[in-house]
$ cat structure06.cif   # mmCIF, C-alpha atoms
data_target
loop_
_atom_site.group_PDB
_atom_site.id
_atom_site.type_symbol
_atom_site.label_atom_id
_atom_site.label_comp_id
_atom_site.auth_asym_id
_atom_site.auth_seq_id
_atom_site.Cartn_x
_atom_site.Cartn_y
_atom_site.Cartn_z
ATOM 1 C CA MET B 1 -18.985 -30.857 -13.961
ATOM 2 C CA ASN B 2 -20.187 -27.379 -14.882
ATOM 3 C CA GLU B 3 -18.013 -24.278 -14.564
ATOM 4 C CA ASP B 4 -19.898 -22.772 -11.576
ATOM 5 C CA ARG B 5 -19.657 -25.951 -9.526
ATOM 6 C CA SER B 6 -15.993 -26.348 -10.411
ATOM 7 C CA GLN B 7 -15.306 -22.803 -9.217
ATOM 8 C CA GLY B 8 -17.193 -23.517 -5.989
ATOM 9 C CA LEU B 9 -15.101 -26.594 -5.270
ATOM 10 C CA GLU B 10 -11.932 -24.688 -5.989
ATOM 11 C CA LEU B 11 -12.933 -21.916 -3.570
ATOM 12 C CA ALA B 12 -13.825 -24.486 -0.900
ATOM 13 C CA ASP B 13 -10.389 -26.053 -1.245
ATOM 14 C CA LEU B 14 -8.635 -22.733 -0.625
ATOM 15 C CA ARG B 15 -7.583 -21.659 2.844
ATOM 16 C CA ILE B 16 -8.927 -18.120 3.300
ATOM 17 C CA ALA B 17 -7.829 -15.964 6.222
ATOM 18 C CA VAL B 18 -9.648 -12.787 7.204
ATOM 19 C CA LEU B 19 -7.142 -10.509 8.960
ATOM 20 C CA VAL B 20 -8.509 -7.749 11.192
ATOM 21 C CA PRO B 21 -5.998 -5.303 12.702
ATOM 22 C CA CYS B 22 -7.589 -3.260 15.479
ATOM 23 C CA ARG B 23 -7.122 -1.167 18.588
ATOM 24 C CA ASP B 24 -9.955 -0.116 20.887
ATOM 25 C CA GLU B 25 -12.737 -1.353 18.593
ATOM 26 C CA ALA B 26 -15.011 -2.900 21.247
ATOM 27 C CA PRO B 27 -18.184 -1.260 19.842
ATOM 28 C CA THR B 28 -17.749 -2.880 16.411
ATOM 29 C CA ILE B 29 -15.383 -5.879 16.499
ATOM 30 C CA ALA B 30 -17.973 -8.570 17.353
ATOM 31 C CA ARG B 31 -20.200 -7.513 14.467
ATOM 32 C CA VAL B 32 -17.228 -7.398 12.069
ATOM 33 C CA VAL B 33 -16.281 -10.965 13.009
ATOM 34 C CA GLU B 34 -19.870 -12.200 12.692
ATOM 35 C CA ASP B 35 -20.457 -10.455 9.354
ATOM 36 C CA PHE B 36 -17.303 -11.882 7.769
ATOM 37 C CA ARG B 37 -18.029 -15.339 9.135
ATOM 38 C CA ALA B 38 -21.433 -15.150 7.433
ATOM 39 C CA ALA B 39 -19.930 -13.813 4.183
ATOM 40 C CA LEU B 40 -17.041 -16.324 4.076
ATOM 41 C CA PRO B 41 -18.152 -19.379 6.091
ATOM 42 C CA THR B 42 -15.022 -21.424 5.322
ATOM 43 C CA ALA B 43 -12.569 -18.650 6.238
ATOM 44 C CA SER B 44 -10.631 -18.395 9.468
ATOM 45 C CA ILE B 45 -11.061 -15.017 11.187
ATOM 46 C CA TRP B 46 -7.951 -13.553 12.815
ATOM 47 C CA VAL B 47 -8.106 -10.453 15.019
ATOM 48 C CA PHE B 48 -4.725 -8.914 15.832
ATOM 49 C CA ASP B 49 -5.136 -6.647 18.825
ATOM 50 C CA ASN B 50 -2.714 -3.706 19.044
ATOM 51 C CA ASN B 51 -2.638 -2.753 22.747
ATOM 52 C CA SER B 52 -6.367 -2.155 23.143
ATOM 53 C CA ARG B 53 -7.439 -0.595 26.436
ATOM 54 C CA ASP B 54 -11.018 -1.863 26.141
ATOM 55 C CA GLU B 55 -12.644 -5.288 25.686
ATOM 56 C CA THR B 56 -11.757 -5.654 21.995
ATOM 57 C CA ALA B 57 -9.765 -8.893 22.403
ATOM 58 C CA ARG B 58 -12.344 -10.599 24.631
ATOM 59 C CA LEU B 59 -15.290 -9.628 22.430
ATOM 60 C CA ALA B 60 -13.475 -10.837 19.305
ATOM 61 C CA ARG B 61 -12.691 -14.154 20.979
ATOM 62 C CA ASP B 62 -16.279 -14.542 22.186
ATOM 63 C CA ALA B 63 -17.485 -13.915 18.615
ATOM 64 C CA GLY B 64 -15.368 -16.842 17.401
ATOM 65 C CA ALA B 65 -12.243 -15.148 16.088
ATOM 66 C CA ARG B 66 -8.694 -16.248 16.726
ATOM 67 C CA VAL B 67 -7.000 -13.462 18.657
ATOM 68 C CA ALA B 68 -3.318 -12.538 18.612
ATOM 69 C CA HIS B 69 -1.526 -9.606 20.205
ATOM 70 C CA VAL B 70 0.997 -7.198 18.712
ATOM 71 C CA TRP B 71 2.828 -5.028 21.243
ATOM 72 C CA LEU B 72 4.648 -2.670 18.854
ATOM 73 C CA GLN B 73 2.246 0.221 18.300
ATOM 74 C CA GLY B 74 1.156 0.999 14.742
ATOM 75 C CA LYS B 75 -0.850 -0.594 11.948
ATOM 76 C CA GLY B 76 2.266 -1.302 9.898
ATOM 77 C CA HIS B 77 3.693 -3.436 12.710
ATOM 78 C CA VAL B 78 0.384 -5.316 12.936
ATOM 79 C CA VAL B 79 0.265 -6.015 9.188
ATOM 80 C CA ARG B 80 3.864 -7.281 9.288
ATOM 81 C CA ARG B 81 3.003 -9.684 12.098
ATOM 82 C CA MET B 82 -0.182 -10.860 10.366
ATOM 83 C CA PHE B 83 1.543 -11.601 7.086
ATOM 84 C CA ALA B 84 4.376 -13.416 8.857
ATOM 85 C CA ASP B 85 2.300 -15.539 11.250
ATOM 86 C CA VAL B 86 -0.834 -16.525 9.321
ATOM 87 C CA ASP B 87 -0.580 -19.262 6.710
ATOM 88 C CA ALA B 88 -3.284 -19.280 4.033
ATOM 89 C CA ASP B 89 -3.859 -19.293 0.273
ATOM 90 C CA LEU B 90 -5.894 -16.073 0.168
ATOM 91 C CA TYR B 91 -5.893 -13.182 2.626
ATOM 92 C CA VAL B 92 -8.679 -10.674 3.262
ATOM 93 C CA LEU B 93 -7.411 -7.594 5.095
ATOM 94 C CA VAL B 94 -10.066 -5.367 6.672
ATOM 95 C CA ASP B 95 -10.206 -2.791 9.468
ATOM 96 C CA GLY B 96 -12.188 -3.596 12.584
ATOM 97 C CA ASP B 97 -14.177 -0.353 12.691
ATOM 98 C CA GLY B 98 -17.297 -1.704 10.952
ATOM 99 C CA THR B 99 -17.143 0.770 8.046
ATOM 100 C CA TYR B 100 -16.423 -1.800 5.322
ATOM 101 C CA ASP B 101 -19.011 -4.055 3.684
ATOM 102 C CA ALA B 102 -18.490 -7.707 4.631
ATOM 103 C CA ALA B 103 -21.101 -8.840 2.084
ATOM 104 C CA SER B 104 -18.728 -7.708 -0.704
ATOM 105 C CA ALA B 105 -15.992 -10.135 0.410
ATOM 106 C CA PRO B 106 -17.093 -13.085 -1.810
ATOM 107 C CA ARG B 107 -17.150 -10.734 -4.810
ATOM 108 C CA LEU B 108 -13.622 -9.508 -4.041
ATOM 109 C CA VAL B 109 -12.318 -13.056 -3.600
ATOM 110 C CA ALA B 110 -14.013 -14.187 -6.820
ATOM 111 C CA ALA B 111 -12.461 -11.265 -8.716
ATOM 112 C CA LEU B 112 -8.993 -12.238 -7.532
ATOM 113 C CA LEU B 113 -9.476 -15.837 -8.681
ATOM 114 C CA GLU B 114 -11.274 -15.122 -11.956
ATOM 115 C CA GLN B 115 -8.823 -12.428 -13.067
ATOM 116 C CA SER B 116 -5.717 -14.188 -11.700
ATOM 117 C CA ALA B 117 -4.924 -11.047 -9.695
ATOM 118 C CA ASP B 118 -2.594 -10.684 -6.727
ATOM 119 C CA MET B 119 -4.419 -7.806 -5.068
ATOM 120 C CA VAL B 120 -8.036 -6.673 -5.163
ATOM 121 C CA VAL B 121 -8.694 -3.256 -3.640
ATOM 122 C CA ALA B 122 -12.142 -2.351 -2.338
ATOM 123 C CA SER B 123 -12.538 1.207 -3.612
ATOM 124 C CA ARG B 124 -14.765 2.978 -1.112
ATOM 125 C CA ARG B 125 -18.153 4.453 -2.111
ATOM 126 C CA ASP B 126 -19.697 6.704 0.533
ATOM 127 C CA VAL B 127 -23.263 5.420 0.966
ATOM 128 C CA THR B 128 -24.327 7.837 3.708
ATOM 129 C CA GLY B 129 -22.671 11.070 2.602
ATOM 130 C CA HIS B 130 -20.978 11.382 6.004
ATOM 131 C CA SER B 131 -18.529 8.466 5.995
ATOM 132 C CA TYR B 132 -15.415 10.593 5.468
ATOM 133 C CA ARG B 133 -14.220 13.217 7.905
ATOM 134 C CA PRO B 134 -13.719 16.724 6.434
ATOM 135 C CA GLY B 135 -10.618 16.782 4.269
ATOM 136 C CA HIS B 136 -10.155 12.999 4.177
ATOM 137 C CA ALA B 137 -11.869 12.509 0.802
ATOM 138 C CA PHE B 138 -9.820 15.301 -0.777
ATOM 139 C CA GLY B 139 -6.602 14.023 0.816
ATOM 140 C CA ASN B 140 -7.260 10.492 -0.393
ATOM 141 C CA ARG B 141 -7.920 11.674 -3.954
ATOM 142 C CA ALA B 142 -4.798 13.836 -3.936
ATOM 143 C CA LEU B 143 -2.582 11.043 -2.609
ATOM 144 C CA SER B 144 -4.068 8.500 -5.036
ATOM 145 C CA ALA B 145 -3.509 10.843 -7.975
ATOM 146 C CA GLY B 146 0.044 11.593 -6.824
ATOM 147 C CA LEU B 147 0.921 7.915 -6.489
ATOM 148 C CA ALA B 148 -0.562 7.139 -9.911
ATOM 149 C CA HIS B 149 1.493 9.958 -11.435
ATOM 150 C CA LEU B 150 4.718 8.840 -9.750
ATOM 151 C CA PHE B 151 4.402 5.160 -10.603
ATOM 152 C CA GLY B 152 2.521 5.345 -13.881
ATOM 153 C CA ARG B 153 -0.563 3.263 -12.980
ATOM 154 C CA PRO B 154 -3.951 4.590 -11.811
ATOM 155 C CA CYS B 155 -5.060 4.059 -8.212
ATOM 156 C CA ALA B 156 -8.629 4.980 -7.282
ATOM 157 C CA ASP B 157 -8.299 4.511 -3.514
ATOM 158 C CA VAL B 158 -4.733 4.050 -2.323
ATOM 159 C CA LEU B 159 -5.715 4.339 1.365
ATOM 160 C CA SER B 160 -8.419 1.662 1.381
ATOM 161 C CA GLY B 161 -8.052 -0.696 4.329
ATOM 162 C CA TYR B 162 -10.131 -3.444 2.668
ATOM 163 C CA ARG B 163 -8.165 -5.680 0.292
ATOM 164 C CA VAL B 164 -7.767 -9.267 -0.831
ATOM 165 C CA PHE B 165 -4.291 -10.701 -1.492
ATOM 166 C CA SER B 166 -2.822 -13.833 -2.962
ATOM 167 C CA ARG B 167 -0.351 -15.797 -0.887
ATOM 168 C CA ARG B 168 2.527 -14.840 -3.161
ATOM 169 C CA PHE B 169 1.771 -11.139 -2.626
ATOM 170 C CA VAL B 170 1.747 -11.531 1.148
ATOM 171 C CA LYS B 171 4.890 -13.653 1.397
ATOM 172 C CA SER B 172 6.912 -11.335 -0.843
ATOM 173 C CA PHE B 173 5.774 -8.107 0.846
ATOM 174 C CA PRO B 174 8.620 -6.518 2.880
ATOM 175 C CA ALA B 175 6.315 -4.556 5.271
ATOM 176 C CA LEU B 176 8.727 -1.814 6.345
ATOM 177 C CA SER B 177 6.339 0.915 7.508
ATOM 178 C CA ALA B 178 5.063 1.312 11.063
ATOM 179 C CA GLY B 179 1.746 3.172 10.842
ATOM 180 C CA PHE B 180 -1.156 3.988 8.526
ATOM 181 C CA GLU B 181 1.229 4.487 5.602
ATOM 182 C CA THR B 182 1.226 0.695 5.204
ATOM 183 C CA GLU B 183 -1.629 0.948 2.644
ATOM 184 C CA THR B 184 0.601 3.113 0.434
ATOM 185 C CA GLU B 185 3.401 0.569 0.796
ATOM 186 C CA LEU B 186 1.052 -2.266 -0.196
ATOM 187 C CA THR B 187 0.062 -0.426 -3.367
ATOM 188 C CA VAL B 188 3.640 0.442 -4.332
ATOM 189 C CA HIS B 189 4.728 -3.177 -3.822
ATOM 190 C CA ALA B 190 2.115 -4.310 -6.358
ATOM 191 C CA LEU B 191 2.950 -1.549 -8.830
ATOM 192 C CA GLN B 192 6.691 -2.133 -8.722
ATOM 193 C CA LEU B 193 6.425 -5.875 -9.372
ATOM 194 C CA ASN B 194 3.788 -5.252 -12.077
ATOM 195 C CA MET B 195 1.320 -7.501 -10.271
ATOM 196 C CA PRO B 196 -2.221 -7.833 -11.621
ATOM 197 C CA VAL B 197 -4.357 -5.487 -9.501
ATOM 198 C CA VAL B 198 -8.151 -5.145 -9.584
ATOM 199 C CA GLU B 199 -10.202 -2.353 -8.014
ATOM 200 C CA ILE B 200 -13.871 -2.926 -7.171
ATOM 201 C CA GLU B 201 -16.203 -0.303 -5.741
ATOM 202 C CA THR B 202 -17.805 -1.315 -2.444
ATOM 203 C CA PRO B 203 -20.086 0.497 0.051
ATOM 204 C CA TYR B 204 -18.389 2.453 2.819
ATOM 205 C CA ARG B 205 -20.278 3.488 5.954
ATOM 206 C CA GLU B 206 -19.548 5.965 8.702
ATOM 207 C CA ARG B 207 -18.299 4.781 12.066
ATOM 208 C CA PRO B 208 -20.788 4.197 14.892
ATOM 209 C CA HIS B 209 -21.065 7.180 17.237
ATOM 210 C CA ASP B 210 -19.310 5.349 20.079
ATOM 211 C CA SER B 211 -16.341 4.366 17.856
ATOM 212 C CA HIS B 212 -13.429 6.733 17.249
ATOM 213 C CA SER B 213 -10.910 6.849 14.405
ATOM 214 C CA LYS B 214 -7.193 6.508 15.231
ATOM 215 C CA LEU B 215 -6.227 8.371 12.039
ATOM 216 C CA ASN B 216 -4.959 11.908 12.610
ATOM 217 C CA THR B 217 -5.668 13.974 9.495
ATOM 218 C CA TRP B 218 -2.535 16.131 9.470
ATOM 219 C CA ARG B 219 0.004 13.917 11.229
ATOM 220 C CA ASP B 220 -0.835 10.715 9.381
ATOM 221 C CA GLY B 221 -1.429 12.574 6.107
ATOM 222 C CA TRP B 222 2.082 14.011 6.368
ATOM 223 C CA ARG B 223 3.528 10.580 7.197
ATOM 224 C CA ILE B 224 1.765 9.038 4.186
ATOM 225 C CA LEU B 225 3.031 11.813 1.898
ATOM 226 C CA ARG B 226 6.552 11.396 3.267
ATOM 227 C CA THR B 227 6.333 7.640 2.717
ATOM 228 C CA MET B 228 5.298 8.201 -0.904
ATOM 229 C CA VAL B 229 8.369 10.388 -1.484
ATOM 230 C CA GLU B 230 10.638 7.880 0.268
ATOM 231 C CA LEU B 231 9.229 4.998 -1.766
ATOM 232 C CA PHE B 232 9.585 7.034 -4.954
ATOM 233 C CA SER B 233 13.259 7.714 -4.201
ATOM 234 C CA ALA B 234 13.860 4.074 -3.223
ATOM 235 C CA GLU B 235 11.918 2.393 -6.036
ATOM 236 C CA ARG B 236 12.639 4.812 -8.910
ATOM 237 C CA PRO B 237 15.953 6.407 -7.932
ATOM 238 C CA LEU B 238 17.099 7.225 -11.465
ATOM 239 C CA LEU B 239 13.994 9.320 -12.105
ATOM 240 C CA PHE B 240 13.996 10.844 -8.602
ATOM 241 C CA TYR B 241 17.650 11.901 -8.647
ATOM 242 C CA GLY B 242 17.443 12.660 -12.365
ATOM 243 C CA ILE B 243 14.797 15.313 -11.639
ATOM 244 C CA GLY B 244 17.113 16.822 -9.031
ATOM 245 C CA ALA B 245 20.005 16.715 -11.491
ATOM 246 C CA ALA B 246 17.916 18.454 -14.164
ATOM 247 C CA VAL B 247 16.904 21.246 -11.747
ATOM 248 C CA LEU B 248 20.497 21.779 -10.606
ATOM 249 C CA ALA B 249 21.898 21.701 -14.149
ATOM 250 C CA SER B 250 19.245 24.147 -15.385
ATOM 251 C CA SER B 251 20.036 26.549 -12.533
ATOM 252 C CA SER B 252 23.732 26.280 -13.345
ATOM 253 C CA VAL B 253 23.167 27.073 -17.015
ATOM 254 C CA ILE B 254 20.884 30.042 -16.222
ATOM 255 C CA LEU B 255 23.540 31.517 -13.923
ATOM 256 C CA ALA B 256 26.318 30.823 -16.429
ATOM 257 C CA ILE B 257 24.697 32.400 -19.520
ATOM 258 C CA PRO B 258 25.360 36.090 -18.616
ATOM 259 C CA ILE B 259 28.882 35.252 -17.433
ATOM 260 C CA VAL B 260 29.708 33.475 -20.711
ATOM 261 C CA LEU B 261 28.198 36.282 -22.791
ATOM 262 C CA GLU B 262 30.236 38.860 -20.886
ATOM 263 C CA TRP B 263 33.387 36.784 -21.271
ATOM 264 C CA LEU B 264 32.809 36.493 -25.043
ATOM 265 C CA ALA B 265 32.305 40.235 -25.308
ATOM 266 C CA SER B 266 35.148 41.478 -23.085
ATOM 267 C CA GLY B 267 37.343 38.487 -22.352
ATOM 268 C CA LEU B 268 36.806 39.087 -18.631
ATOM 269 C CA VAL B 269 34.997 37.162 -15.882
ATOM 270 C CA PRO B 270 34.214 39.833 -13.284
ATOM 271 C CA ARG B 271 31.642 37.842 -11.216
ATOM 272 C CA PHE B 272 33.713 35.019 -9.790
ATOM 273 C CA PRO B 273 31.258 34.101 -6.971
ATOM 274 C CA THR B 274 28.487 33.513 -9.525
ATOM 275 C CA ALA B 275 30.858 31.528 -11.719
ATOM 276 C CA ILE B 276 31.891 29.389 -8.757
ATOM 277 C CA LEU B 277 28.229 28.853 -7.780
ATOM 278 C CA SER B 278 27.352 27.842 -11.350
ATOM 279 C CA THR B 279 30.254 25.368 -11.442
ATOM 280 C CA GLY B 280 29.269 23.931 -8.064
ATOM 281 C CA LEU B 281 25.665 23.451 -9.142
ATOM 282 C CA MET B 282 26.758 21.594 -12.266
ATOM 283 C CA LEU B 283 29.005 19.334 -10.182
ATOM 284 C CA LEU B 284 26.078 18.624 -7.833
ATOM 285 C CA ALA B 285 23.903 17.840 -10.851
ATOM 286 C CA ALA B 286 26.451 15.322 -12.067
ATOM 287 C CA LEU B 287 26.687 13.753 -8.595
ATOM 288 C CA SER B 288 22.898 13.535 -8.355
ATOM 289 C CA PHE B 289 22.601 11.874 -11.758
ATOM 290 C CA PHE B 290 25.317 9.287 -11.103
ATOM 291 C CA SER B 291 23.914 8.599 -7.625
ATOM 292 C CA GLY B 292 20.560 7.816 -9.246
ATOM 293 C CA LEU B 293 22.291 5.603 -11.804
ATOM 294 C CA ILE B 294 24.108 3.597 -9.124
ATOM 295 C CA LEU B 295 21.058 3.325 -6.847
ATOM 296 C CA ASP B 296 18.951 2.209 -9.797
ATOM 297 C CA THR B 297 21.242 -0.802 -10.169
ATOM 298 C CA VAL B 298 20.846 -1.594 -6.459
ATOM 299 C CA THR B 299 17.065 -1.209 -6.707
ATOM 300 C CA ARG B 300 16.925 -3.623 -9.636
ATOM 301 C CA GLY B 301 18.729 -6.200 -7.502
ATOM 302 C CA ARG B 302 16.272 -5.755 -4.617
ATOM 303 C CA ARG B 303 13.343 -5.957 -7.020
ATOM 304 C CA GLU B 304 14.689 -9.200 -8.463
ATOM 305 C CA LEU B 305 14.901 -10.694 -4.955
ATOM 306 C CA ARG B 306 11.288 -9.705 -4.258
ATOM 307 C CA MET B 307 10.240 -11.158 -7.581
ATOM 308 C CA LEU B 308 11.980 -14.446 -6.742
ATOM 309 C CA ALA B 309 10.156 -14.535 -3.388
ATOM 310 C CA TYR B 310 6.919 -13.806 -5.272
ATOM 311 C CA LEU B 311 7.518 -16.564 -7.842
ATOM 312 C CA ALA B 312 8.415 -19.070 -5.119
ATOM 313 C CA GLN B 313 4.740 -19.157 -4.059
ATOM 314 C CA PRO B 314 2.072 -20.934 -6.140
ATOM 315 C CA PRO B 315 -0.790 -18.909 -7.643
ATOM 316 C CA PRO B 316 -4.188 -19.284 -5.908
ATOM 317 C CA PHE B 317 -5.780 -21.122 -8.819
ATOM 318 C CA ALA B 318 -3.077 -23.826 -8.630
ATOM 319 C CA VAL B 319 -3.681 -24.683 -4.969
ATOM 320 C CA GLY B 320 -6.686 -26.968 -5.336
ATOM 321 C CA PRO B 321 -6.729 -30.612 -6.427
ATOM 322 C CA ARG B 322 -4.930 -31.239 -9.702
ATOM 323 C CA GLU B 323 -5.897 -33.740 -12.351
ATOM 324 C CA VAL B 324 -3.504 -36.659 -12.749
#
$ encode --input "structure06.cif" --output "structure tokens"
Amino acid sequence: MNEDRSQGLELADLRIAVLVPCRDEAPTIARVVEDFRAALPTASIWVFDNNSRDETARLARDAGARVAHVWLQGKGHVVRRMFADVDADLYVLVDGDGTYDAASAPRLVAALLEQSADMVVASRRDVTGHSYRPGHAFGNRALSAGLAHLFGRPCADVLSGYRVFSRRFVKSFPALSAGFETETELTVHALQLNMPVVEIETPYRERPHDSHSKLNTWRDGWRILRTMVELFSAERPLLFYGIGAAVLASSSVILAIPIVLEWLASGLVPRFPTAILSTGLMLLAALSFFSGLILDTVTRGRRELRMLAYLAQPPPFAVGPREV
């Protein structure tokens, strides 16, 4: 049996689930379902409706998708429900707004299998020149660069809503966020467990004129930035609190230098308030450092539990028939 045919049989033996979180996507949802059914004929298509006020759920069902409902508002809640309720070997997560390229799905799935990855991110390439709203492209680049700097691994498109996951990624993902910051959380989960991650550029189109984005530039951008800081403090506490300790200790030393010099020259300490402030800052620096040290131990324990949950699931390439 040649290698191509063997790979085809292996892919056919895998259970692939296409997960589509959406709210008020009636203009696009039927086409999204049809396009992904054509791109991945053996996959099951799941649409998770998040309190839509239009015909999204009915149109998705009429197009052949399985429809579930999530009543807690927010994309993060939807992703949590999807990952908990759907059982598959590979998961394709994609928004229901029709902006992502369904024809790229087989390429993304193949990349995950061929490179033994746990997450493949579809890095968006604007094919029309008008796909991003003003400020979104800059914000995405800034957030991606910031996350790469904080966690030490490059991320081309941290906010992409089009990804492919292995089962062990999905079943070890804690899914704590509530809104659009869930993409950031997905990326950090992979980075912290040192999972193999692949990024592939795919076409990205603008929304149809009768479809409207639920992303608020400033509100959701602030929430994503806040989530990055919270994840940084939770996942790398020694570095986070160590930076604070270094700033406090440096301020203490700067304030103390003239006091010490004056004391050496005259034997007097005339500026007691400054001396007290300098001492207090140094004590805070010590507290910050030891807090980071203690929290780092706790974080290592949580990371080990996530790693055990990750290792409890088989890799995708071990799911198919095995030779006896």
$ resolve_selection --input "structure06.cif" --expression "the PyMOL selection byres ((chain B and resi 40) around 9)" --output "PyMOL selection string"
chain B and resi 16+18+35-39+41-44+102-103+105-106
$ closest_residue --input "structure06.cif" --among "B:Leu72, B:Arg81, B:Tyr241, B:Cys22" --to "Thr56 of chain B" --atoms "only C-alpha atoms"
B:Cys22
$ resolve_selection --input "structure06.cif" --expression "the PyMOL selection byres ((chain B and resi 310) around 12)" --output "ChimeraX atom specification"
/B:118,166-174,189-190,193-195,303-309,311-315
$ atom_distance --input "structure06.cif" --atom1 "atom CA of Arg61 of chain B" --atom2 "atom CA of Asp89 of chain B"
23.1 Å
$ atom_distance --input "structure06.cif" --atom1 "atom CA of Arg226 of chain B" --atom2 "atom CA of Arg141 of chain B"
16.2 Å
$ residues_around --input "structure06.cif" --residues "Glu199 of chain B" --least-positions-apart "2" --cutoff "7 Å" --atoms "all atoms listed in the file" --output "list in words"
Val120, Val121, Ala122, Ser123, Val197 and Glu201 of chain B
$ axis_aligned_box --input "structure06.cif" --around "segment 29-37 of chain B" --padding-each-side "8 Å" --output "AutoDock Vina command-line options"
--center_x -17.9 --center_y -10.6 --center_z 12.6 --size_x 21.1 --size_y 25.5 --size_z 25.6
$ resolve_selection --input "structure06.cif" --expression "the PyMOL selection byres ((chain B and resi 109) around 9)" --output "VMD selection string"
chain B and resid 11 90 to 92 104 to 108 110 to 114 120 164 to 165
$ closest_residue --input "structure06.cif" --among "B:Ala148, B:Val32, B:Val229, B:Leu159" --to "Arg124 of chain B" --atoms "only C-alpha atoms"
B:Leu159
$ residues_around --input "structure06.cif" --residues "Phe151 of chain B" --least-positions-apart "3" --cutoff "10 Å" --atoms "all atoms listed in the file" --output "list of chain:residue names"
B:Gly146, B:Leu147, B:Ala148, B:Pro154, B:Cys155, B:Val188, B:Leu191, B:Gln192, B:Phe232, B:Glu235, B:Arg236
$ atom_distance --input "structure06.cif" --atom1 "atom CA of Thr187 of chain B" --atom2 "atom CA of Met119 of chain B"
8.8 Å
$ closest_residue --input "structure06.cif" --among "B:Ser52, B:Thr299, B:Ser144, B:Ser252" --to "Ile276 of chain B" --atoms "only C-alpha atoms"
B:Ser252
$ closest_residue --input "structure06.cif" --among "B:Arg163, B:Arg302, B:Arg15, B:Arg23" --to "Gly74 of chain B" --atoms "all atoms listed in the file"
B:Arg23
$ residues_around --input "structure06.cif" --residues "Ser251 of chain B" --least-positions-apart "6" --cutoff "10 Å" --atoms "all atoms listed in the file" --output "ChimeraX atom specification"
/B:245,277-278,281-282,285
$ closest_residue --input "structure06.cif" --among "B:Asp296, B:Asp13, B:Glu206, B:Glu25" --to "Asp97 of chain B" --atoms "all atoms listed in the file"
B:Glu25
$ residues_around --input "structure06.cif" --residues "Ser288 of chain B" --least-positions-apart "4" --cutoff "10 Å" --atoms "all atoms listed in the file" --output "ChimeraX atom specification"
/B:237-238,240-246,248,282-284,292-293
